[in-house]
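Asker: Quick one: this structure, given as structure tokens, is what I'll be asking you about.
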Amino acid sequence: MKTDVIVIGAGAAGLFCAIEAGKRGRKVTLLEHNATIGEKIRISGGGRCNFTNIHTQPENFISGNPSFARSALSRYKPEAFLELVEHHKIRWHEKKSGQLFCDGSSREILAMLRKECDAAGVKVVAECRVSSVQKGFVVETNRGEMESESLVIATGGLSIPKLGATDFGYRVANQFGLSVKTLRPGLVPLTFDEPKEWHALHGVSFEAEVRYLAMELGPRNIRVNAISAGPVRTLAARSITGFTVMEDHTEKNAPLRRNISAEDVGNAAYYLCSPLAQNVTGQILLVDAGYSILGMPTAPAG
Ligand SMILES: Cc1cc2nc3c(=O)[nH]c(=O)nc-3n(C[C@H](O)[C@H](O)[C@H](O)COP(=O)(O)OP(=O)(O)OC[C@H]3O[C@@H](n4cnc5c(N)ncnc54)[C@H](O)[C@@H]3O)c2cc1C
């Protein structure tokens, strides 16, 4: 098979590149070894896809070539992507500091990109694993050999191999003598063998977030407080495994020897929103019958 452009990898980059090349009248084939396109987009933003940030500036990017972000952003601004999202009637909201998310699901962004591919005449071939490329270009896949005038490698980084991430792009870069910077993880979870030692750190990001927002919004006379509640019997809570064990434990060990109710949380919120709390900001109010002050559960009697 011969075509004008082959794009390898149907992630965010590959899909967009294929669409743009198709719009320029080039015959484009997009190859993806997963059964579905854009798996990382699907899980992005907690399933709601943080699809752009309206305050994006070249200074927000770290790159060996700072001109790249400048040039790319001068040609395609966040507003252009937002226009596309609106054209496809995808509802969105701003979460904070310019971050835009879908109201519904990241699948809407995927459907939009798929439609744009179809409109640009892009041929998407799924379950097509590329094993090697040769100059010319000749691409070796599990579906046979393919040829193209231009080749784009958009096989992404190494995060989440379960979703199809490979080192293919890095290998091809090495093959063509391009320098590759030493790779290091950008965002990783921390796991510890001894969780108890680190337990004190539990919830620190919540506190930091509340304090940061209180600092940022205080000059506009907006107060930011939060409520950290003990286990509350709600419809959703009933589906948590061991929820009744948590309740029993609180009742036996909390200083007030009882559980809290949704009404207790509502009352605390009422206080925080009322003029009674007019000079309270950046605080987390613990509504937990005092459970949080315990260093360890009360020892059994006897
Ligand atoms: C949990 C999580 C949440 C995120 N949330 C956000 C967010 O809300 N907003 C945001 O902007 N970014 C977010 N990101 C980052 C964003 O998802 C990635 O930066 C982006 O998806 C990368 O796109 P890409 O096209 O470069 O690579 P990828 O999406 O990794 O696409 C590469 C594609 O190439 C395919 N491939 C690899 N090797 C081969 C091969 N040999 N043959 C054929 N196909 C191959 C892969 O299957 C994959 O589909 C998030 C990332 C993660 C992990």
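If you're wondering about the labels, chains in the structure tokens are A, B, ... by order shown, residues count from 1 in each chain, ligands from 1 in order shown.
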Would you give me, as a PyMOL selection string, the residues in segment 74-184 of chain A that DSSP reads as strand (DSSP E or B)?
Answerer: chain A and resi 92-94+99-102+123-125+130-134+138-141+144-153
Asker: Name the residues in contact with Arg233 of chain A at a cut-off of 8 Å, using only C-alpha atoms, excluding same-chain residues fewer than 5 positions from it; report them as an MDAnalysis selection string.
Answerer: chainID A and resid 238 261:262
Asker: Could you write those residues out with N, CA and C atoms, as a PDB file, in the first residue's frame?
Answerer:
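Result file is again.pdb:
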ATOM      1  N   ARG A 238     -22.837   3.745  51.146  1.00  0.00           N
ATOM      2  CA  ARG A 238     -23.233   2.356  51.398  1.00  0.00           C
ATOM      3  C   ARG A 238     -22.532   1.382  50.462  1.00  0.00           C
ATOM      4  N   SER A 261     -23.761  13.046  61.111  1.00  0.00           N
ATOM      5  CA  SER A 261     -24.805  12.896  60.088  1.00  0.00           C
ATOM      6  C   SER A 261     -24.598  13.961  59.006  1.00  0.00           C
ATOM      7  N   ALA A 262     -25.356  13.816  57.913  1.00  0.00           N
ATOM      8  CA  ALA A 262     -25.284  14.809  56.828  1.00  0.00           C
ATOM      9  C   ALA A 262     -25.712  16.177  57.361  1.00  0.00           C
TER      10      ALA A 262
END
Asker: Check the smallest atom-to-atom distance from each of A:Ile222, A:Val122, A:Leu213, A:Val188 to ligand 1 using only C-alpha atoms and all ligand atoms, then report the winner.
Answerer: A:Val188
Asker: Could you list, as a count of residues only, all residues that come within 8 Å of ligand 1? Count only C-alpha atoms and all ligand atoms.
Answerer: 50
Asker: Extract, using only C-alpha atoms, all DNA, RNA and protein residues at most 9 Å from Glu247 of chain A, discarding same-chain residues fewer than 2 positions from it, and format them as an MDAnalysis selection string.
Answerer: chainID A and resid 230:233 242:245 249:252 258:259
Asker: Would you save the residues of that selection, restricted to N, CA and C atoms, as a PDB file, in the first residue's frame?
Answerer:
ATOM      1  N   GLY A 230     -16.204  13.114  59.002  1.00  0.00           N
ATOM      2  CA  GLY A 230     -16.058  11.689  59.323  1.00  0.00           C
ATOM      3  C   GLY A 230     -17.010  10.911  58.421  1.00  0.00           C
ATOM      4  N   PRO A 231     -17.051   9.576  58.573  1.00  0.00           N
ATOM      5  CA  PRO A 231     -17.946   8.797  57.708  1.00  0.00           C
ATOM      6  C   PRO A 231     -19.405   9.221  57.866  1.00  0.00           C
ATOM      7  N   VAL A 232     -20.050   9.526  56.734  1.00  0.00           N
ATOM      8  CA  VAL A 232     -21.455   9.938  56.759  1.00  0.00           C
ATOM      9  C   VAL A 232     -22.264   8.901  55.986  1.00  0.00           C
ATOM     10  N   ARG A 233     -23.346   8.444  56.568  1.00  0.00           N
ATOM     11  CA  ARG A 233     -24.171   7.417  55.900  1.00  0.00           C
ATOM     12  C   ARG A 233     -24.972   8.066  54.765  1.00  0.00           C
ATOM     13  N   GLY A 242     -16.730  -2.144  53.659  1.00  0.00           N
ATOM     14  CA  GLY A 242     -16.284  -1.921  55.038  1.00  0.00           C
ATOM     15  C   GLY A 242     -16.798  -0.629  55.641  1.00  0.00           C
ATOM     16  N   PHE A 243     -17.797  -0.004  55.022  1.00  0.00           N
ATOM     17  CA  PHE A 243     -18.276   1.281  55.548  1.00  0.00           C
ATOM     18  C   PHE A 243     -18.854   1.128  56.964  1.00  0.00           C
ATOM     19  N   THR A 244     -19.598   0.051  57.195  1.00  0.00           N
ATOM     20  CA  THR A 244     -20.190  -0.119  58.533  1.00  0.00           C
ATOM     21  C   THR A 244     -19.092  -0.362  59.575  1.00  0.00           C
ATOM     22  N   VAL A 245     -17.997  -1.008  59.156  1.00  0.00           N
ATOM     23  CA  VAL A 245     -16.866  -1.207  60.078  1.00  0.00           C
ATOM     24  C   VAL A 245     -16.307   0.165  60.488  1.00  0.00           C
ATOM     25  N   HIS A 249     -16.223   1.681  64.212  1.00  0.00           N
ATOM     26  CA  HIS A 249     -14.937   2.088  64.765  1.00  0.00           C
ATOM     27  C   HIS A 249     -15.017   3.522  65.310  1.00  0.00           C
ATOM     28  N   THR A 250     -15.646   4.413  64.522  1.00  0.00           N
ATOM     29  CA  THR A 250     -15.761   5.815  64.961  1.00  0.00           C
ATOM     30  C   THR A 250     -16.588   5.884  66.244  1.00  0.00           C
ATOM     31  N   GLU A 251     -17.683   5.146  66.254  1.00  0.00           N
ATOM     32  CA  GLU A 251     -18.571   5.209  67.418  1.00  0.00           C
ATOM     33  C   GLU A 251     -17.864   4.740  68.689  1.00  0.00           C
ATOM     34  N   LYS A 252     -17.012   3.740  68.525  1.00  0.00           N
ATOM     35  CA  LYS A 252     -16.323   3.197  69.708  1.00  0.00           C
ATOM     36  C   LYS A 252     -15.156   4.067  70.149  1.00  0.00           C
ATOM     37  N   ARG A 258     -19.699   8.895  68.971  1.00  0.00           N
ATOM     38  CA  ARG A 258     -20.830   8.790  68.044  1.00  0.00           C
ATOM     39  C   ARG A 258     -20.372   9.106  66.621  1.00  0.00           C
ATOM     40  N   ASN A 259     -21.246   8.790  65.669  1.00  0.00           N
ATOM     41  CA  ASN A 259     -21.000   9.123  64.268  1.00  0.00           C
ATOM     42  C   ASN A 259     -21.665  10.451  63.948  1.00  0.00           C
TER      43      ASN A 259
END
Asker: My list of candidates is A:Ala173, A:Ile260, A:Leu113, A:Ala120. Which is closest to Lys23 of chain A when distances are computed with only C-alpha atoms?
Answerer: A:Ala120
Asker: Which residues, written as a list of chain:residue names, have at least one atom at most 12 Å from Lys135 of chain A, with only C-alpha atoms counted and residues fewer than 2 positions away on the same chain left out?
Answerer: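 The residues satisfying every condition are A:Ser132, A:Val133, A:Phe137, A:Val138, A:Val139, A:Glu140, A:Glu147, A:Ser148, A:Glu149, A:Ser150, A:Leu151, A:Val172, A:Gln175, A:Phe176.
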Asker: Using Å and a single decimal, report how far atom CA of Ile62 of chain A sits from atom CA of Arg211 of chain A.
Answerer: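 About the pair atom CA of Arg211 of chain A and atom CA of Ile62 of chain A: they are 27.4 Å apart.
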Asker: How many Å separate atom CA of Val28 of chain A from atom CA of Ile109 of chain A?
Answerer: 20.7 Å
Asker: Quick one: residues within 7 Å of Asn53 of chain A, only C-alpha atoms counted, chain neighbours fewer than 5 positions away excluded, as a list in words?
Answerer: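 The residues that qualify are Pro78, Gly98, Gln99 and Leu100 of chain A.
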Asker: Can you write out the residues you just picked, keeping C-alpha atoms, as a PDB file, in the first residue's frame?
Answerer:
ATOM      1  CA  PRO A  78      -5.921  27.586  22.930  1.00  0.00           C
ATOM      2  CA  GLY A  98      -7.938  28.724  33.039  1.00  0.00           C
ATOM      3  CA  GLN A  99      -8.170  24.899  32.959  1.00  0.00           C
ATOM      4  CA  LEU A 100     -11.016  23.850  30.645  1.00  0.00           C
TER       5      LEU A 100
END
